[in-house]
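Chemist: Structure file entry-v8.cif (mmCIF, C-alpha atoms) is given on the next line.
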```
data_work
#
loop_
_atom_site.label_atom_id
_atom_site.label_comp_id
_atom_site.auth_asym_id
_atom_site.auth_seq_id
_atom_site.Cartn_x
_atom_site.Cartn_y
_atom_site.Cartn_z
CA MET A 1 30.67 -32.71 14.65
CA GLY A 2 28.38 -32.45 11.65
CA ARG A 3 29.40 -30.63 8.57
CA SER A 4 28.28 -27.03 8.30
CA ARG A 5 25.93 -26.50 5.40
CA LYS A 6 26.76 -23.76 2.97
CA PRO A 7 23.93 -21.45 2.00
CA LYS A 8 22.22 -22.55 -1.17
CA LEU A 9 22.52 -20.15 -4.06
CA ILE A 10 19.55 -19.79 -6.37
CA ARG A 11 20.34 -18.37 -9.76
CA GLN A 12 17.62 -16.86 -11.85
CA GLY A 13 17.31 -17.65 -15.52
CA PRO A 14 18.12 -15.12 -18.21
CA GLU A 15 15.82 -12.09 -18.17
CA ARG A 16 15.93 -8.39 -18.69
CA GLU A 17 17.79 -6.76 -15.84
CA MET A 18 15.94 -4.06 -13.93
CA THR A 19 17.16 -0.53 -14.18
CA ALA A 20 18.72 0.95 -11.06
CA GLU A 21 15.52 2.89 -10.39
CA GLU A 22 13.34 -0.21 -10.78
CA ALA A 23 15.63 -2.19 -8.46
CA GLN A 24 15.42 0.55 -5.84
CA LEU A 25 11.65 0.68 -6.14
CA ALA A 26 11.37 -3.09 -5.80
CA ALA A 27 13.58 -3.13 -2.69
CA GLU A 28 11.71 -0.25 -1.08
CA ALA A 29 8.34 -1.81 -1.91
CA ALA A 30 9.44 -5.07 -0.29
CA ALA A 31 10.48 -3.18 2.83
CA TYR A 32 7.13 -1.42 3.09
CA ALA A 33 5.24 -4.66 2.46
CA ALA A 34 7.24 -6.39 5.17
CA SER A 35 6.57 -3.56 7.61
CA ASP A 36 2.81 -4.02 7.13
CA ALA A 37 2.85 -7.83 7.06
CA ALA A 38 1.88 -8.40 10.71
CA TYR A 39 -1.42 -6.58 10.89
CA GLU A 40 -2.01 -7.92 14.39
CA GLN A 41 0.18 -5.12 15.70
CA TYR A 42 -2.68 -2.76 14.89
CA ALA A 43 -5.27 -4.60 16.99
CA GLU A 44 -6.90 -2.52 19.69
CA PRO A 45 -6.04 -3.76 23.20
CA GLU A 46 -9.02 -4.63 25.36
CA ALA A 47 -7.50 -2.68 28.23
CA ALA A 48 -4.49 -0.43 28.18
CA GLU A 49 -2.51 1.42 30.80
CA ASP A 50 -2.85 5.16 31.02
CA LEU A 51 -0.18 6.53 28.69
CA GLY A 52 -1.21 10.14 29.03
CA PRO A 53 -2.74 12.39 26.40
CA PRO A 54 -1.74 12.13 22.75
CA PRO A 55 0.65 14.69 21.30
CA GLY A 56 -0.47 17.64 19.26
CA VAL A 57 0.62 17.85 15.65
CA ALA A 58 3.65 20.03 16.41
CA ASP A 59 4.82 17.72 19.21
CA ALA A 60 4.34 14.64 17.03
CA ILE A 61 6.44 16.18 14.26
CA ALA A 62 9.09 17.14 16.82
CA ALA A 63 9.20 13.51 17.99
CA LEU A 64 9.73 12.34 14.41
CA GLU A 65 12.41 14.99 13.87
CA ALA A 66 14.26 13.66 16.92
CA CYS A 67 14.44 10.25 15.23
CA GLY A 68 15.64 11.67 11.90
CA ASP A 69 18.96 11.40 10.14
CA ALA A 70 20.15 14.08 7.72
CA GLY A 71 22.00 11.66 5.46
CA ARG A 72 19.05 9.32 5.21
CA ALA A 73 16.75 12.29 4.59
CA GLU A 74 18.90 13.47 1.67
CA GLY A 75 18.82 10.02 0.12
CA ALA A 76 15.06 9.71 0.60
CA ALA A 77 14.45 13.07 -1.06
CA ALA A 78 16.55 12.08 -4.08
CA TYR A 79 14.85 8.69 -4.29
CA HIS A 80 11.18 9.56 -3.80
CA LYS A 81 11.44 12.78 -5.82
CA ALA A 82 8.18 14.22 -4.44
CA GLU A 83 8.52 17.87 -3.46
CA ARG A 84 8.27 17.72 0.33
CA ARG A 85 10.40 17.67 3.44
CA TYR A 86 12.12 14.42 4.46
CA LEU A 87 13.37 13.70 7.96
CA GLY A 88 15.19 10.41 7.38
CA VAL A 89 13.26 8.33 9.94
CA PRO A 90 13.29 4.53 9.39
CA VAL A 91 9.88 2.89 8.99
CA PRO A 92 10.12 0.82 12.24
CA LEU A 93 10.59 4.02 14.27
CA ILE A 94 7.61 5.65 12.55
CA GLU A 95 5.57 2.56 13.45
CA ASP A 96 6.69 2.79 17.07
CA CYS A 97 5.55 6.41 17.25
CA ALA A 98 2.22 5.68 15.56
CA ARG A 99 1.57 2.71 17.84
CA LEU A 100 2.12 4.82 20.95
CA TRP A 101 -0.05 7.67 19.68
CA ARG A 102 -2.84 5.26 18.74
CA ALA A 103 -2.82 3.87 22.27
CA GLN A 104 -2.96 7.37 23.77
CA ALA A 105 -5.73 8.81 21.60
CA THR A 106 -9.45 8.47 21.24
CA LEU A 107 -10.69 7.90 17.71
CA ASP A 108 -11.56 11.58 17.26
CA GLU A 109 -8.14 12.63 18.58
CA ARG A 110 -6.46 10.15 16.25
CA LEU A 111 -8.36 11.47 13.25
CA ALA A 112 -7.37 15.03 14.07
CA LEU A 113 -3.72 14.08 14.56
CA ALA A 114 -3.67 12.03 11.35
CA GLN A 115 -5.08 14.89 9.28
CA GLY A 116 -2.63 17.36 10.78
CA LEU A 117 0.33 15.09 10.09
CA TRP A 118 -0.82 14.48 6.52
CA ASP A 119 -1.30 18.19 5.90
CA SER A 120 2.26 18.89 7.10
CA ASN A 121 3.57 17.56 3.77
CA ILE A 122 6.46 15.89 5.60
CA HIS A 123 7.13 12.40 4.24
CA GLU A 124 7.49 10.58 7.56
CA ALA A 125 4.57 12.48 9.11
CA MET A 126 2.35 11.40 6.21
CA ILE A 127 3.44 7.78 6.69
CA ALA A 128 2.64 8.08 10.41
CA ALA A 129 -0.76 9.62 9.59
CA ALA A 130 -1.71 6.58 7.52
CA LYS A 131 -0.43 4.15 10.13
CA LEU A 132 -2.54 5.89 12.79
CA LEU A 133 -5.60 4.76 10.79
CA THR A 134 -4.40 1.26 9.85
CA GLN A 135 -6.78 -0.78 11.96
CA ALA A 136 -8.99 -3.78 11.22
CA ARG A 137 -11.85 -2.85 13.55
CA MET A 138 -12.96 0.76 13.80
CA ARG A 139 -16.46 1.90 14.73
CA PRO A 140 -17.63 4.28 13.53
CA ASP A 141 -15.31 4.45 10.54
CA ASP A 142 -17.04 6.77 8.06
CA ALA A 143 -14.84 9.74 9.01
CA ALA A 144 -11.67 7.67 8.65
CA TRP A 145 -12.78 6.39 5.25
CA GLU A 146 -13.64 9.88 4.02
CA MET A 147 -10.26 11.14 5.18
CA ILE A 148 -8.30 8.37 3.46
CA ALA A 149 -10.37 8.61 0.26
CA GLY A 150 -9.75 12.35 0.23
CA TRP A 151 -6.01 11.76 0.54
CA ALA A 152 -6.15 9.38 -2.43
CA GLU A 153 -7.29 12.15 -4.74
CA GLY A 154 -4.01 13.98 -4.11
CA PHE A 155 -1.50 11.11 -4.02
CA ASP A 156 1.83 12.02 -5.60
CA ALA A 157 4.30 9.29 -4.60
CA TRP A 158 4.11 5.54 -4.12
CA ALA A 159 5.33 5.18 -0.51
CA VAL A 160 2.76 7.49 1.07
CA ALA A 161 0.10 6.21 -1.34
CA ASP A 162 0.70 2.56 -0.52
CA THR A 163 0.75 3.18 3.23
CA ALA A 164 -2.52 5.11 3.00
CA CYS A 165 -4.00 2.36 0.82
CA ALA A 166 -3.12 -0.19 3.52
CA ALA A 167 -5.26 1.85 5.91
CA GLY A 168 -8.02 2.37 3.34
CA ALA A 169 -8.14 -1.32 2.51
CA ARG A 170 -9.38 -2.08 6.06
CA ARG A 171 -12.21 0.39 5.63
CA LEU A 172 -13.02 -0.98 2.19
CA THR A 173 -13.26 -4.59 3.36
CA ALA A 174 -15.38 -3.41 6.28
CA ASP A 175 -17.86 -1.88 3.80
CA PRO A 176 -17.43 -3.05 0.17
CA ALA A 177 -20.13 -0.57 -0.93
CA ARG A 178 -17.29 1.95 -0.85
CA LEU A 179 -15.99 0.36 -4.05
CA ASP A 180 -18.28 2.73 -5.96
CA ARG A 181 -16.09 5.62 -4.90
CA VAL A 182 -12.90 3.70 -5.63
CA GLU A 183 -14.14 2.95 -9.15
CA SER A 184 -14.38 6.68 -9.81
CA TRP A 185 -10.62 6.90 -9.29
CA ILE A 186 -10.05 5.02 -12.54
CA ASP A 187 -11.05 8.18 -14.42
CA SER A 188 -8.88 10.51 -12.33
CA PRO A 189 -6.34 12.67 -14.19
CA ASN A 190 -3.91 11.79 -11.37
CA MET A 191 -1.96 8.62 -12.22
CA TRP A 192 -1.34 7.88 -8.53
CA THR A 193 -5.08 7.98 -7.83
CA ARG A 194 -5.79 5.59 -10.71
CA ARG A 195 -3.10 3.25 -9.40
CA ALA A 196 -4.59 3.41 -5.89
CA ALA A 197 -7.79 1.77 -7.14
CA LEU A 198 -5.77 -1.43 -7.61
CA VAL A 199 -3.55 -1.17 -4.53
CA ILE A 200 -6.40 -0.53 -2.10
CA THR A 201 -8.38 -3.54 -3.38
CA LEU A 202 -5.56 -6.10 -2.93
CA PRO A 203 -7.27 -7.77 0.09
CA PHE A 204 -9.96 -9.08 -2.26
CA THR A 205 -7.35 -11.27 -3.98
CA LYS A 206 -6.49 -13.20 -0.81
CA SER A 207 -9.24 -15.76 -0.20
CA ASN A 208 -8.96 -19.37 -1.37
CA HIS A 209 -12.71 -19.78 -0.90
CA PRO A 210 -14.24 -16.45 -1.93
CA THR A 211 -17.87 -15.64 -1.35
CA ALA A 212 -20.11 -14.75 -4.27
CA GLU A 213 -19.63 -11.10 -3.34
CA GLU A 214 -15.84 -11.45 -3.38
CA VAL A 215 -15.93 -13.16 -6.77
CA ALA A 216 -18.01 -10.29 -8.13
CA ILE A 217 -15.50 -7.81 -6.70
CA ARG A 218 -12.62 -9.66 -8.35
CA GLU A 219 -14.37 -9.48 -11.69
CA ARG A 220 -15.06 -5.81 -11.17
CA VAL A 221 -11.45 -4.96 -10.36
CA LEU A 222 -10.19 -7.10 -13.25
CA GLY A 223 -12.36 -4.90 -15.44
CA TRP A 224 -10.56 -1.86 -14.03
CA ALA A 225 -7.23 -3.53 -14.76
CA ALA A 226 -8.29 -4.09 -18.37
CA ARG A 227 -9.16 -0.39 -18.68
CA LEU A 228 -5.79 0.65 -17.24
CA ALA A 229 -3.68 -1.91 -19.12
CA PRO A 230 -3.13 0.29 -22.23
CA GLU A 231 -1.43 2.93 -20.06
CA ARG A 232 2.34 2.85 -20.46
CA ASP A 233 3.26 4.30 -17.07
CA TRP A 234 5.59 1.95 -15.15
CA PHE A 235 3.71 2.33 -11.86
CA ILE A 236 0.34 1.50 -13.44
CA GLN A 237 1.79 -1.52 -15.21
CA LYS A 238 3.50 -2.66 -12.01
CA ALA A 239 0.26 -2.34 -10.03
CA ILE A 240 -1.66 -4.45 -12.56
CA GLY A 241 1.03 -7.13 -12.46
CA TRP A 242 1.03 -7.02 -8.65
CA TRP A 243 -2.76 -7.42 -8.42
CA LEU A 244 -2.81 -10.32 -10.89
CA ARG A 245 0.14 -12.04 -9.22
CA GLU A 246 -1.58 -11.96 -5.84
CA LEU A 247 -4.86 -13.20 -7.30
CA ALA A 248 -3.08 -16.03 -9.13
CA LYS A 249 -2.02 -17.49 -5.77
CA HIS A 250 -5.68 -18.13 -4.94
CA ASP A 251 -7.60 -18.00 -8.24
CA ALA A 252 -5.24 -19.02 -11.04
CA PRO A 253 -7.94 -19.82 -13.67
CA ARG A 254 -9.31 -16.29 -13.44
CA VAL A 255 -5.87 -14.79 -13.99
CA ARG A 256 -5.14 -17.10 -16.91
CA ALA A 257 -8.42 -16.03 -18.51
CA TRP A 258 -7.59 -12.34 -18.00
CA LEU A 259 -4.11 -12.76 -19.47
CA ALA A 260 -5.51 -14.62 -22.47
CA ALA A 261 -7.87 -11.74 -23.15
CA HIS A 262 -5.71 -8.75 -22.19
CA GLY A 263 -2.14 -9.94 -21.58
CA GLU A 264 -0.76 -8.59 -24.83
CA THR A 265 -1.82 -5.10 -23.72
CA LEU A 266 0.65 -5.21 -20.82
CA LYS A 267 4.30 -4.40 -21.00
CA PRO A 268 6.44 -7.58 -20.91
CA PHE A 269 7.68 -7.01 -17.34
CA ALA A 270 4.11 -6.60 -16.05
CA ARG A 271 2.93 -9.67 -17.94
CA LYS A 272 5.79 -11.65 -16.40
CA GLU A 273 4.92 -10.31 -12.95
CA ALA A 274 1.28 -11.31 -13.40
CA ALA A 275 2.22 -14.88 -14.37
CA LYS A 276 4.84 -15.34 -11.66
CA SER A 277 2.51 -17.36 -9.39
CA LEU A 278 0.89 -19.45 -12.13
#
```
When written as structure tokens, how does the structure in this file appear?

Modeler:
Amino acid sequence: MGRSRKPKLIRQGPEREMTAEEAQLAAEAAAYAASDAAYEQYAEPEAAEDLGPPPGVADAIAALEACGDAGRAEGAAAYHKAERRYLGVPVPLIEDCARLWRAQATLDERLALAQGLWDSNIHEAMIAAAKLLTQARMRPDDAAWEMIAGWAEGFDAWAVADTACAAGARRLTADPARLDRVESWIDSPNMWTRRAALVITLPFTKSNHPTAEEVAIRERVLGWAARLAPERDWFIQKAIGWWLRELAKHDAPRVRAWLAAHGETLKPFARKEAAKSL
């Protein structure tokens, strides 16, 4: 018999420890990122069995309530801090519901259901609303884009904002001319809307061989990051570091140049985040 191998422990070097709130945010952000990692789950099937009509808004909320947990809901309310109702439904169960409803509904029915769920001001319903519209191919998609962009102007918490941005990013890459509207968010009085301008444009960091258009978009968004860098809000700083870190995986020289010009404007933790992939 071979020897069993003990798990290898990796110890990080000395650094400032995160606060309890920052650690919670990081863990929750990782969970949401992981839940959206396999975008193939949102592909439209070429042919699907008849699953019956989609639920109305009230029935969809009742289905989410049936999956809820009071203890989890109490913890979510204390953690997210946004003034709304929480049901305590885990993200995988919300995804299961949204996937079924997407398969049952026409595009118009899905748009109506998504808007109704978002307007309910229930945390899990708002997450489901965004996931109903998270789809690579959607034609026509102007109504979906207008809906998501309208939501962005009222964002008030990171989890619903990031899930909606994941949906909006598909519409933005489908038509980059929509960046003009996103750029207007930089001047919003709402911090969450300003932050969304960076989160929704993350797909433009991903290519190893960007087109001329993608390079121009990167430069444009880096300009937005420079405008936002003097802000001291933790979420803005984190978003800048996140955007730069992702870009550094594919375009390190551009990130090094940005940090040389603007790095001192960032808080130390954001500067470290930005350089993590260099």

Chemist: Here is a test: counting all atoms listed in the file, which residue of A:Ala239, A:Ala112, A:Ala58, A:Val89 is nearest to A:Glu74?

Modeler: A:Val89

Chemist: Could I get the residues of stretch 109-180 of chain A with an atom no further than 12 Å from an atom of stretch 219-228 of chain A, each paired with its nearest atom pair and that distance in Å to one decimal, using all atoms listed in the file, sorted by chain and residue number, as CSV?

Modeler:
```
residue,atom,partner,partner_atom,distance
A:Pro176,CA,A:Arg220,CA,11.9
A:Leu179,CA,A:Val221,CA,9.4
A:Asp180,CA,A:Arg220,CA,10.5
```

Chemist: Quick one: everything within 7 Å of stretch 119-131 of chain A, counting only C-alpha atoms, minus sequence neighbours fewer than 2 positions away in the same chain. Send it as a ChimeraX atom specification.

Modeler: /A:61,84-87,89,94-95,98,114-117,133-134,160,163-164,167

Chemist: Leaving out A:Leu198 and any residue of its chain fewer than 3 positions from it, which residues lie within 10 Å of it when counting all atoms listed in the file, given as a list in words?

Modeler: Cys165, Val182, Glu183, Trp185, Ile186, Thr193, Arg194, Arg195, Thr201, Leu202, Val221, Leu222, Trp224, Ala225, Leu228, Ile236, Ala239, Ile240, Trp242, Trp243 and Leu244 of chain A

Chemist: Evaluate the PyMOL selection byres ((chain A and resi 154) around 9) against this structure - the residues, as JSON, numbers by chain, please.

Modeler: {"A": [150, 151, 152, 153, 155, 156, 190, 192, 193]}

Chemist: Can you pull out the residues contacting A:Pro203? Cut-off 10 Å, using only C-alpha atoms, and skip same-chain residues under 5 positions away; I want them as a PDB file with C-alpha atoms, keeping the file's coordinate frame.

Modeler:
```
ATOM      1  CA  ALA A 166      -3.120  -0.190   3.520  1.00  0.00           C
ATOM      2  CA  ALA A 169      -8.140  -1.320   2.510  1.00  0.00           C
ATOM      3  CA  ARG A 170      -9.380  -2.080   6.060  1.00  0.00           C
ATOM      4  CA  LEU A 172     -13.020  -0.980   2.190  1.00  0.00           C
ATOM      5  CA  THR A 173     -13.260  -4.590   3.360  1.00  0.00           C
ATOM      6  CA  GLU A 214     -15.840 -11.450  -3.380  1.00  0.00           C
ATOM      7  CA  TRP A 243      -2.760  -7.420  -8.420  1.00  0.00           C
ATOM      8  CA  GLU A 246      -1.580 -11.960  -5.840  1.00  0.00           C
ATOM      9  CA  LEU A 247      -4.860 -13.200  -7.300  1.00  0.00           C
TER      10      LEU A 247
END
```

Chemist: So how far away is atom CA of A:Ala161 from atom CA of A:Ala177, in Å?

Modeler: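 These two atoms are separated by 21.3 Å.
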
Chemist: Please enumerate the residues selected by the PyMOL selection byres ((chain A and resi 271-278) around 9) when evaluated against the supplied file, formatted as a VMD selection string.

Modeler: chain A and resid 237 to 238 240 to 249 252 to 253 255 to 256 259 263 to 270

Chemist: Which distance in Å separates atom CA of A:Gly56 and atom CA of A:Ala73, to one decimal?

Modeler: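 Interatomic distance here is 23.2 Å.
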
Chemist: Calculate how many Å separate atom CA of A:Arg102 from atom CA of A:Ala60, rounding to one decimal.

Modeler: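 Computing it gives 11.9 Å between the two atoms.
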
Chemist: May I have the residues within 8 Å of A:His250 as a ChimeraX atom specification, using all atoms listed in the file and disregarding those fewer than 6 positions away in the same chain?

Modeler: /A:205-208

Chemist: Which residue, A:His209, A:Arg110, A:Arg218, A:Arg178, has the smallest gap to A:Arg254 when you use only C-alpha atoms?

Modeler: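 So, comparing all the options, the nearest one is A:Arg218.
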
Chemist: Find the residue from A:Lys81, A:Arg72, A:Arg181, A:Arg99 that sits nearest to A:Ala197; use only C-alpha atoms when measuring.

Modeler: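 Answer, going by the shortest atom-to-atom distance: A:Arg181.
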
Chemist: Restricting the calculation to all atoms listed in the file: of A:Ala174, A:Leu107, A:Ala76, A:Leu51, which residue gets closest to A:Ala143?

Modeler: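 Ranking A:Ala174, A:Leu107, A:Ala76, A:Leu51 by distance to A:Ala143, first place goes to A:Leu107.
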
Chemist: Which one of A:Trp101, A:Trp118, A:Trp258, A:Trp158 sits closest to A:Leu132 if you count all atoms listed in the file?

Modeler: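 Once distances to A:Leu132 are computed over all atoms listed in the file, the minimum belongs to A:Trp101.
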
Chemist: Near A:Ala105, within 9 Å and counting only C-alpha atoms, which residues show up once chain neighbours fewer than 4 positions away are dropped, as number ranges by chain?

Modeler: A: 52-55, 100-101, 109-110

Chemist: How would stretch 163-174 of chain A of the given structure read as a file with all heavy atoms, as a compact mmCIF listing (two decimals), in the first residue's frame?

Modeler:
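Wrote out36.txt, looks like this:
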```txt
# COMPACT_ATOMS: atom_id res chain seq x y z
N THR A 163 -25.23 40.21 -9.14
CA THR A 163 -26.00 39.24 -9.92
C THR A 163 -26.65 39.92 -11.12
O THR A 163 -26.67 39.37 -12.23
CB THR A 163 -27.05 38.55 -9.04
OG1 THR A 163 -26.44 38.08 -7.84
CG2 THR A 163 -27.66 37.36 -9.76
N ALA A 164 -27.18 41.12 -10.91
CA ALA A 164 -27.76 41.87 -12.03
C ALA A 164 -26.69 42.27 -13.04
O ALA A 164 -26.92 42.25 -14.25
CB ALA A 164 -28.49 43.10 -11.52
N CYS A 165 -25.50 42.61 -12.55
CA CYS A 165 -24.40 42.97 -13.46
C CYS A 165 -23.97 41.77 -14.30
O CYS A 165 -23.56 41.94 -15.46
CB CYS A 165 -23.22 43.52 -12.67
SG CYS A 165 -23.42 45.24 -12.14
N ALA A 166 -24.04 40.56 -13.74
CA ALA A 166 -23.72 39.37 -14.52
C ALA A 166 -24.68 39.23 -15.70
O ALA A 166 -24.29 38.83 -16.80
CB ALA A 166 -23.77 38.13 -13.63
N ALA A 167 -25.96 39.55 -15.46
CA ALA A 167 -26.92 39.53 -16.56
C ALA A 167 -26.67 40.67 -17.53
O ALA A 167 -26.69 40.49 -18.75
CB ALA A 167 -28.35 39.62 -15.99
N GLY A 168 -26.41 41.87 -17.01
CA GLY A 168 -26.17 43.03 -17.86
C GLY A 168 -24.91 42.91 -18.69
O GLY A 168 -24.85 43.43 -19.80
N ALA A 169 -23.92 42.21 -18.16
CA ALA A 169 -22.67 42.05 -18.90
C ALA A 169 -22.89 41.32 -20.22
O ALA A 169 -22.23 41.62 -21.23
CB ALA A 169 -21.65 41.30 -18.05
N ARG A 170 -23.83 40.36 -20.26
CA ARG A 170 -24.12 39.64 -21.52
C ARG A 170 -24.72 40.59 -22.55
O ARG A 170 -24.42 40.53 -23.72
CB ARG A 170 -25.10 38.50 -21.26
CG ARG A 170 -24.79 37.59 -20.11
CD ARG A 170 -23.42 36.94 -20.22
NE ARG A 170 -23.32 35.83 -19.30
CZ ARG A 170 -23.15 35.93 -17.98
NH1 ARG A 170 -23.08 37.11 -17.41
NH2 ARG A 170 -23.05 34.85 -17.22
N ARG A 171 -25.57 41.50 -22.08
CA ARG A 171 -26.18 42.45 -22.99
C ARG A 171 -25.17 43.50 -23.44
O ARG A 171 -25.25 44.01 -24.56
CB ARG A 171 -27.37 43.14 -22.31
CG ARG A 171 -28.34 42.17 -21.64
CD ARG A 171 -29.30 41.51 -22.64
NE ARG A 171 -28.72 40.81 -23.75
CZ ARG A 171 -28.24 39.54 -23.69
NH1 ARG A 171 -28.25 38.87 -22.57
NH2 ARG A 171 -27.75 38.97 -24.77
N LEU A 172 -24.23 43.81 -22.60
CA LEU A 172 -23.21 44.80 -22.93
C LEU A 172 -22.22 44.25 -23.95
O LEU A 172 -21.84 44.94 -24.90
CB LEU A 172 -22.48 45.21 -21.65
CG LEU A 172 -21.60 46.46 -21.70
CD1 LEU A 172 -22.39 47.67 -22.13
CD2 LEU A 172 -20.97 46.69 -20.33
N THR A 173 -21.80 43.00 -23.79
CA THR A 173 -20.89 42.41 -24.77
C THR A 173 -21.61 42.15 -26.09
O THR A 173 -20.97 42.15 -27.15
CB THR A 173 -20.28 41.10 -24.24
OG1 THR A 173 -21.32 40.20 -23.82
CG2 THR A 173 -19.37 41.37 -23.05
N ALA A 174 -22.92 41.95 -26.03
CA ALA A 174 -23.68 41.77 -27.27
C ALA A 174 -23.75 43.07 -28.06
O ALA A 174 -23.82 43.05 -29.30
CB ALA A 174 -25.09 41.27 -26.96
```
